[in-house]
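*Asks:* Before we start, here is the structure in question, set down as structure tokens.
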Amino acid sequence: MCGKYILAQAAKAERAMGIRRGRWEYPLSYRVLPTEQVPVAVAESGEPEAAMMRWGLIPYWAYGVPLKASTINARVERIASAPSYRDPWHRGQRCILVMGGFYEPHVNEDGTRDPFFVRLAEREVFGVAGLWDRSRREDGSYVFSCTLITVPANPLLAEVHNAKQRMPAILAESDHEAWLCGALRDAFATLKSYPQELMMAWKVSRRVNSPKLPNDASLIEPL
DNA sequence: CCAGACGTTGTT
DNA sequence: GTCTGG
DNA sequence: CCAGACGTTGTT
DNA sequence: GTCTGG
């Protein structure tokens with residue numbers, strides 16, 4: 001769930017996240033994929049700060065080498081206990097992945113799959129809760145990376161993503177501060193299934209699944 | 001003990 | 001770094 | 001996430 | 001069937 005999404009314009013993203021330190025600079029993408037550098041907001045200094053991190057968390061103990069296991073998504077039920085996530089969680093290494101929408105696969109009766117694009121009805125840009133870590137390579141350099149948290153799907157997303165009823169932990173704008181700066185229990189309380197009434201989803205072309213095909217706005221056009 | 005895993009979702 | 005499985 | 005590739009040689 | 005790369 002949630003292995004592919006789209007970015008929002010950097011300036012809009014900064015505004016939506018209340019970025020006060022740093023800036024994002026990246027080309028707009030309608031197909032962000034795991035292992036890419038993605039824009040995230042962190043609050044190490046107590047206020048929202050722009051950063052770029054690798055999508056796919058590399059634990060601090062892994063010497064900068066990605067695990068074989070996928071760490072692009074972290075189930076909310078596991079963030080406090082999974083070996084790759086518990087330390088970032090307990091250390092408060094939380095971040096927000098900023099996006100304009102995401103893709104989910106829908107499995108048809110005959111087993112074929114159609115990609116759907118999902119966005120919020122009233123927010124052009126939104127944030128998804130994530131965790132980050134810093135891992136030291138053998139050469140002494142550091143790699144910063146992150147994972148995207150998933151929660152149970154709401155009814156709309158359960159219908160779209162029918163195979164594995166999960167969805168990204170989309171944050172209400174009013175919860176951004178608690179997620180970035182709050183106490184553990186307050187941060188945890190912000191991880192909920194976003195209301196379906198505030199979301200929209202439509203089928204898109206399977207072209208989105210072929211990384212070699214152009215990455216432009218046509219990928220999210222309704223089919 | 002010590003090697004091996006450490007994850008989520010799920011097709012062609 | 002820490003847990004699990006053999 | 002999905003499309004596309006998928007070997008050998010040498011061995012902690 | 002499973003891994004890698006985009």
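Residues are named by chain letter and number: chains run A, B, ... in the order of the structure tokens, numbers start at 1 in each chain, and ligands are numbered from 1 in the order shown.
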For a quick test of understanding: name the residues of chain A lying within 9 Å of chain D when counting only C-alpha atoms (C1' of nucleotides), and present them as an NGL selection string.
*Replies:* :A and (1-4 or 33-34 or 103-105 or 209-211)
*Asks:* Please report as a PDB file with N, CA and C atoms (P, O5', C5', C4', C3', O3' and C1' of nucleotides), in the first residue's frame which residues of chain C come no farther than 10 Å from chain A, using only C-alpha atoms (C1' of nucleotides).
*Replies:*
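Everything below was put into part_12.pdb:
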```
ATOM      1  P    DG C   1      25.835  -1.223  18.145  1.00  0.00           P
ATOM      2  O5'  DG C   1      24.235  -1.345  18.007  1.00  0.00           O
ATOM      3  C5'  DG C   1      23.466  -0.470  18.784  1.00  0.00           C
ATOM      4  C4'  DG C   1      22.108  -1.072  18.999  1.00  0.00           C
ATOM      5  C3'  DG C   1      22.091  -2.224  19.977  1.00  0.00           C
ATOM      6  O3'  DG C   1      20.984  -2.032  20.836  1.00  0.00           O
ATOM      7  C1'  DG C   1      21.283  -2.975  17.876  1.00  0.00           C
ATOM      8  P    DT C   2      20.638  -3.122  21.991  1.00  0.00           P
ATOM      9  O5'  DT C   2      19.688  -4.151  21.221  1.00  0.00           O
ATOM     10  C5'  DT C   2      18.488  -3.676  20.667  1.00  0.00           C
ATOM     11  C4'  DT C   2      17.673  -4.866  20.218  1.00  0.00           C
ATOM     12  C3'  DT C   2      17.640  -6.006  21.227  1.00  0.00           C
ATOM     13  O3'  DT C   2      16.336  -6.528  21.165  1.00  0.00           O
ATOM     14  C1'  DT C   2      18.393  -6.824  19.187  1.00  0.00           C
ATOM     15  P    DC C   3      15.810  -7.443  22.378  1.00  0.00           P
ATOM     16  O5'  DC C   3      15.029  -8.541  21.549  1.00  0.00           O
ATOM     17  C5'  DC C   3      14.091  -8.118  20.555  1.00  0.00           C
ATOM     18  C4'  DC C   3      14.005  -9.213  19.532  1.00  0.00           C
ATOM     19  C3'  DC C   3      13.684 -10.569  20.150  1.00  0.00           C
ATOM     20  O3'  DC C   3      12.429 -10.980  19.620  1.00  0.00           O
ATOM     21  C1'  DC C   3      15.499 -10.723  18.576  1.00  0.00           C
TER      22       DC C   3
END
```
*Asks:* If you run DSSP on the backbone, which residues of stretch 14-160 of chain A are helix (DSSP H, G or I), as a PyMOL selection string?
*Replies:* chain A and resi 14-17+60-62+76-78+86-90+155-160
*Asks:* Using only C-alpha atoms (C1' of nucleotides), which protein or nucleic acid residues come within 12 Å of A:Asn215? Drop anything in the same chain fewer than 5 positions from it, and give the result as an mmCIF file with C-alpha atoms (C1' of nucleotides), in the first residue's frame.
*Replies:*
```cif
data_model
loop_
_atom_site.group_PDB
_atom_site.id
_atom_site.type_symbol
_atom_site.label_atom_id
_atom_site.label_comp_id
_atom_site.auth_asym_id
_atom_site.auth_seq_id
_atom_site.Cartn_x
_atom_site.Cartn_y
_atom_site.Cartn_z
ATOM 1 C CA TYR A 5 2.726 8.976 -5.174
ATOM 2 C CA ILE A 6 2.922 12.442 -6.675
ATOM 3 C CA LEU A 7 4.627 15.578 -5.409
ATOM 4 C CA PRO A 27 11.400 18.738 -10.015
ATOM 5 C CA LEU A 28 7.680 18.077 -9.895
ATOM 6 C CA SER A 29 6.960 14.363 -10.188
ATOM 7 C CA TYR A 30 3.796 12.451 -10.949
ATOM 8 C CA ARG A 31 5.489 9.168 -10.132
ATOM 9 C CA VAL A 32 7.605 9.154 -6.998
ATOM 10 C CA LEU A 33 9.025 5.701 -6.385
ATOM 11 C CA ARG A 207 1.135 3.806 -17.955
ATOM 12 C CA VAL A 208 1.840 4.941 -14.414
ATOM 13 C CA ASN A 209 3.319 1.520 -13.761
ATOM 14 C CA SER A 210 6.019 1.785 -16.401
ATOM 15 C CA ILE A 220 -3.395 11.284 -13.126
ATOM 16 C "C1'" DG E 6 12.999 2.964 -11.849
#
```
*Asks:* From a DSSP pass on the backbone, collect the residues of stretch 98-141 of chain A flagged as strand (DSSP E or B) and hand them back as a list in words.
*Replies:* Val98, Met99, Gly101, Phe102, Tyr103, Glu104, Pro105, His106, Val107, Arg113, Asp114, Pro115, Phe116, Phe117, Val118, Arg119, Leu120, Phe126, Gly127, Val128, Ala129, Gly130, Leu131, Trp132, Asp133, Arg134, Ser135 and Arg136 of chain A
*Asks:* Using only C-alpha atoms (C1' of nucleotides), which residues sit within 7 Å of A:Val40 once same-chain residues fewer than 4 positions away are excluded, as a VMD selection string?
*Replies:* chain A and resid 50 to 53 95 to 98
*Asks:* Restricting the output to all heavy atoms, write the selected residues as a PDB file, in the first residue's frame.
*Replies:*
```
ATOM      1  N   ALA A  50      12.517  21.969   6.176  1.00  0.00           N
ATOM      2  CA  ALA A  50      12.496  21.194   4.930  1.00  0.00           C
ATOM      3  C   ALA A  50      13.721  20.296   4.836  1.00  0.00           C
ATOM      4  O   ALA A  50      14.834  20.722   5.131  1.00  0.00           O
ATOM      5  CB  ALA A  50      12.447  22.131   3.730  1.00  0.00           C
ATOM      6  N   ALA A  51      13.512  19.055   4.410  1.00  0.00           N
ATOM      7  CA  ALA A  51      14.633  18.130   4.212  1.00  0.00           C
ATOM      8  C   ALA A  51      14.294  17.181   3.069  1.00  0.00           C
ATOM      9  O   ALA A  51      13.136  17.056   2.686  1.00  0.00           O
ATOM     10  CB  ALA A  51      14.896  17.342   5.492  1.00  0.00           C
ATOM     11  N   MET A  52      15.330  16.556   2.536  1.00  0.00           N
ATOM     12  CA  MET A  52      15.140  15.526   1.512  1.00  0.00           C
ATOM     13  C   MET A  52      15.727  14.236   2.075  1.00  0.00           C
ATOM     14  O   MET A  52      16.829  14.236   2.622  1.00  0.00           O
ATOM     15  CB  MET A  52      15.865  15.890   0.213  1.00  0.00           C
ATOM     16  CG  MET A  52      15.377  17.150  -0.473  1.00  0.00           C
ATOM     17  SD  MET A  52      13.687  17.067  -1.135  1.00  0.00           S
ATOM     18  CE  MET A  52      13.871  15.908  -2.495  1.00  0.00           C
ATOM     19  N   MET A  53      14.994  13.152   1.961  1.00  0.00           N
ATOM     20  CA  MET A  53      15.481  11.864   2.460  1.00  0.00           C
ATOM     21  C   MET A  53      15.142  10.747   1.494  1.00  0.00           C
ATOM     22  O   MET A  53      14.210  10.860   0.714  1.00  0.00           O
ATOM     23  CB  MET A  53      14.831  11.536   3.815  1.00  0.00           C
ATOM     24  CG  MET A  53      15.204  12.486   4.929  1.00  0.00           C
ATOM     25  SD  MET A  53      14.514  11.893   6.484  1.00  0.00           S
ATOM     26  CE  MET A  53      15.044  13.227   7.581  1.00  0.00           C
ATOM     27  N   CYS A  95       8.590  12.434  10.898  1.00  0.00           N
ATOM     28  CA  CYS A  95       8.623  13.377   9.786  1.00  0.00           C
ATOM     29  C   CYS A  95       7.279  13.351   9.066  1.00  0.00           C
ATOM     30  O   CYS A  95       6.407  12.527   9.385  1.00  0.00           O
ATOM     31  CB  CYS A  95       9.747  13.019   8.801  1.00  0.00           C
ATOM     32  SG  CYS A  95       9.564  11.417   7.992  1.00  0.00           S
ATOM     33  N   ILE A  96       7.125  14.259   8.147  1.00  0.00           N
ATOM     34  CA  ILE A  96       5.911  14.288   7.321  1.00  0.00           C
ATOM     35  C   ILE A  96       6.326  14.228   5.867  1.00  0.00           C
ATOM     36  O   ILE A  96       7.119  15.055   5.400  1.00  0.00           O
ATOM     37  CB  ILE A  96       5.097  15.576   7.568  1.00  0.00           C
ATOM     38  CG1 ILE A  96       4.627  15.647   9.022  1.00  0.00           C
ATOM     39  CG2 ILE A  96       3.888  15.627   6.616  1.00  0.00           C
ATOM     40  CD1 ILE A  96       3.826  16.911   9.357  1.00  0.00           C
ATOM     41  N   LEU A  97       5.818  13.237   5.146  1.00  0.00           N
ATOM     42  CA  LEU A  97       6.050  13.173   3.697  1.00  0.00           C
ATOM     43  C   LEU A  97       4.985  14.041   3.042  1.00  0.00           C
ATOM     44  O   LEU A  97       3.795  13.887   3.320  1.00  0.00           O
ATOM     45  CB  LEU A  97       5.941  11.738   3.192  1.00  0.00           C
ATOM     46  CG  LEU A  97       7.072  10.782   3.631  1.00  0.00           C
ATOM     47  CD1 LEU A  97       6.751  10.135   4.967  1.00  0.00           C
ATOM     48  CD2 LEU A  97       7.306   9.702   2.579  1.00  0.00           C
ATOM     49  N   VAL A  98       5.435  14.928   2.192  1.00  0.00           N
ATOM     50  CA  VAL A  98       4.519  15.888   1.587  1.00  0.00           C
ATOM     51  C   VAL A  98       4.143  15.448   0.182  1.00  0.00           C
ATOM     52  O   VAL A  98       5.022  15.138  -0.627  1.00  0.00           O
ATOM     53  CB  VAL A  98       5.177  17.275   1.507  1.00  0.00           C
ATOM     54  CG1 VAL A  98       4.119  18.327   1.212  1.00  0.00           C
ATOM     55  CG2 VAL A  98       5.884  17.595   2.803  1.00  0.00           C
TER      56      VAL A  98
END
```
*Asks:* Have a look at atom CA of A:Gly64 and atom CA of A:Asp139 and let me know their distance in Å, one decimal.
*Replies:*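 Taking atom CA of A:Gly64 as the start and atom CA of A:Asp139 as the end point, the length is 9.8 Å.
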*Asks:* Can you tell me, as a list in words, what residues are no more than 12 Å from A:Asn154 when counting only C-alpha atoms (C1' of nucleotides), ignoring any on the same chain fewer than 3 positions away?
*Replies:*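 Within the cut-off, the hits are Thr150, Val151, Leu157, Ala158, Glu159, Val160, His161, Asn162, Lys164, Gln165, Arg166, Met167, Pro168, Ala169, Ile170, Lys192, Ser193, Tyr194, Pro195, Gln196, Glu197, Leu198 and Met199 of chain A.
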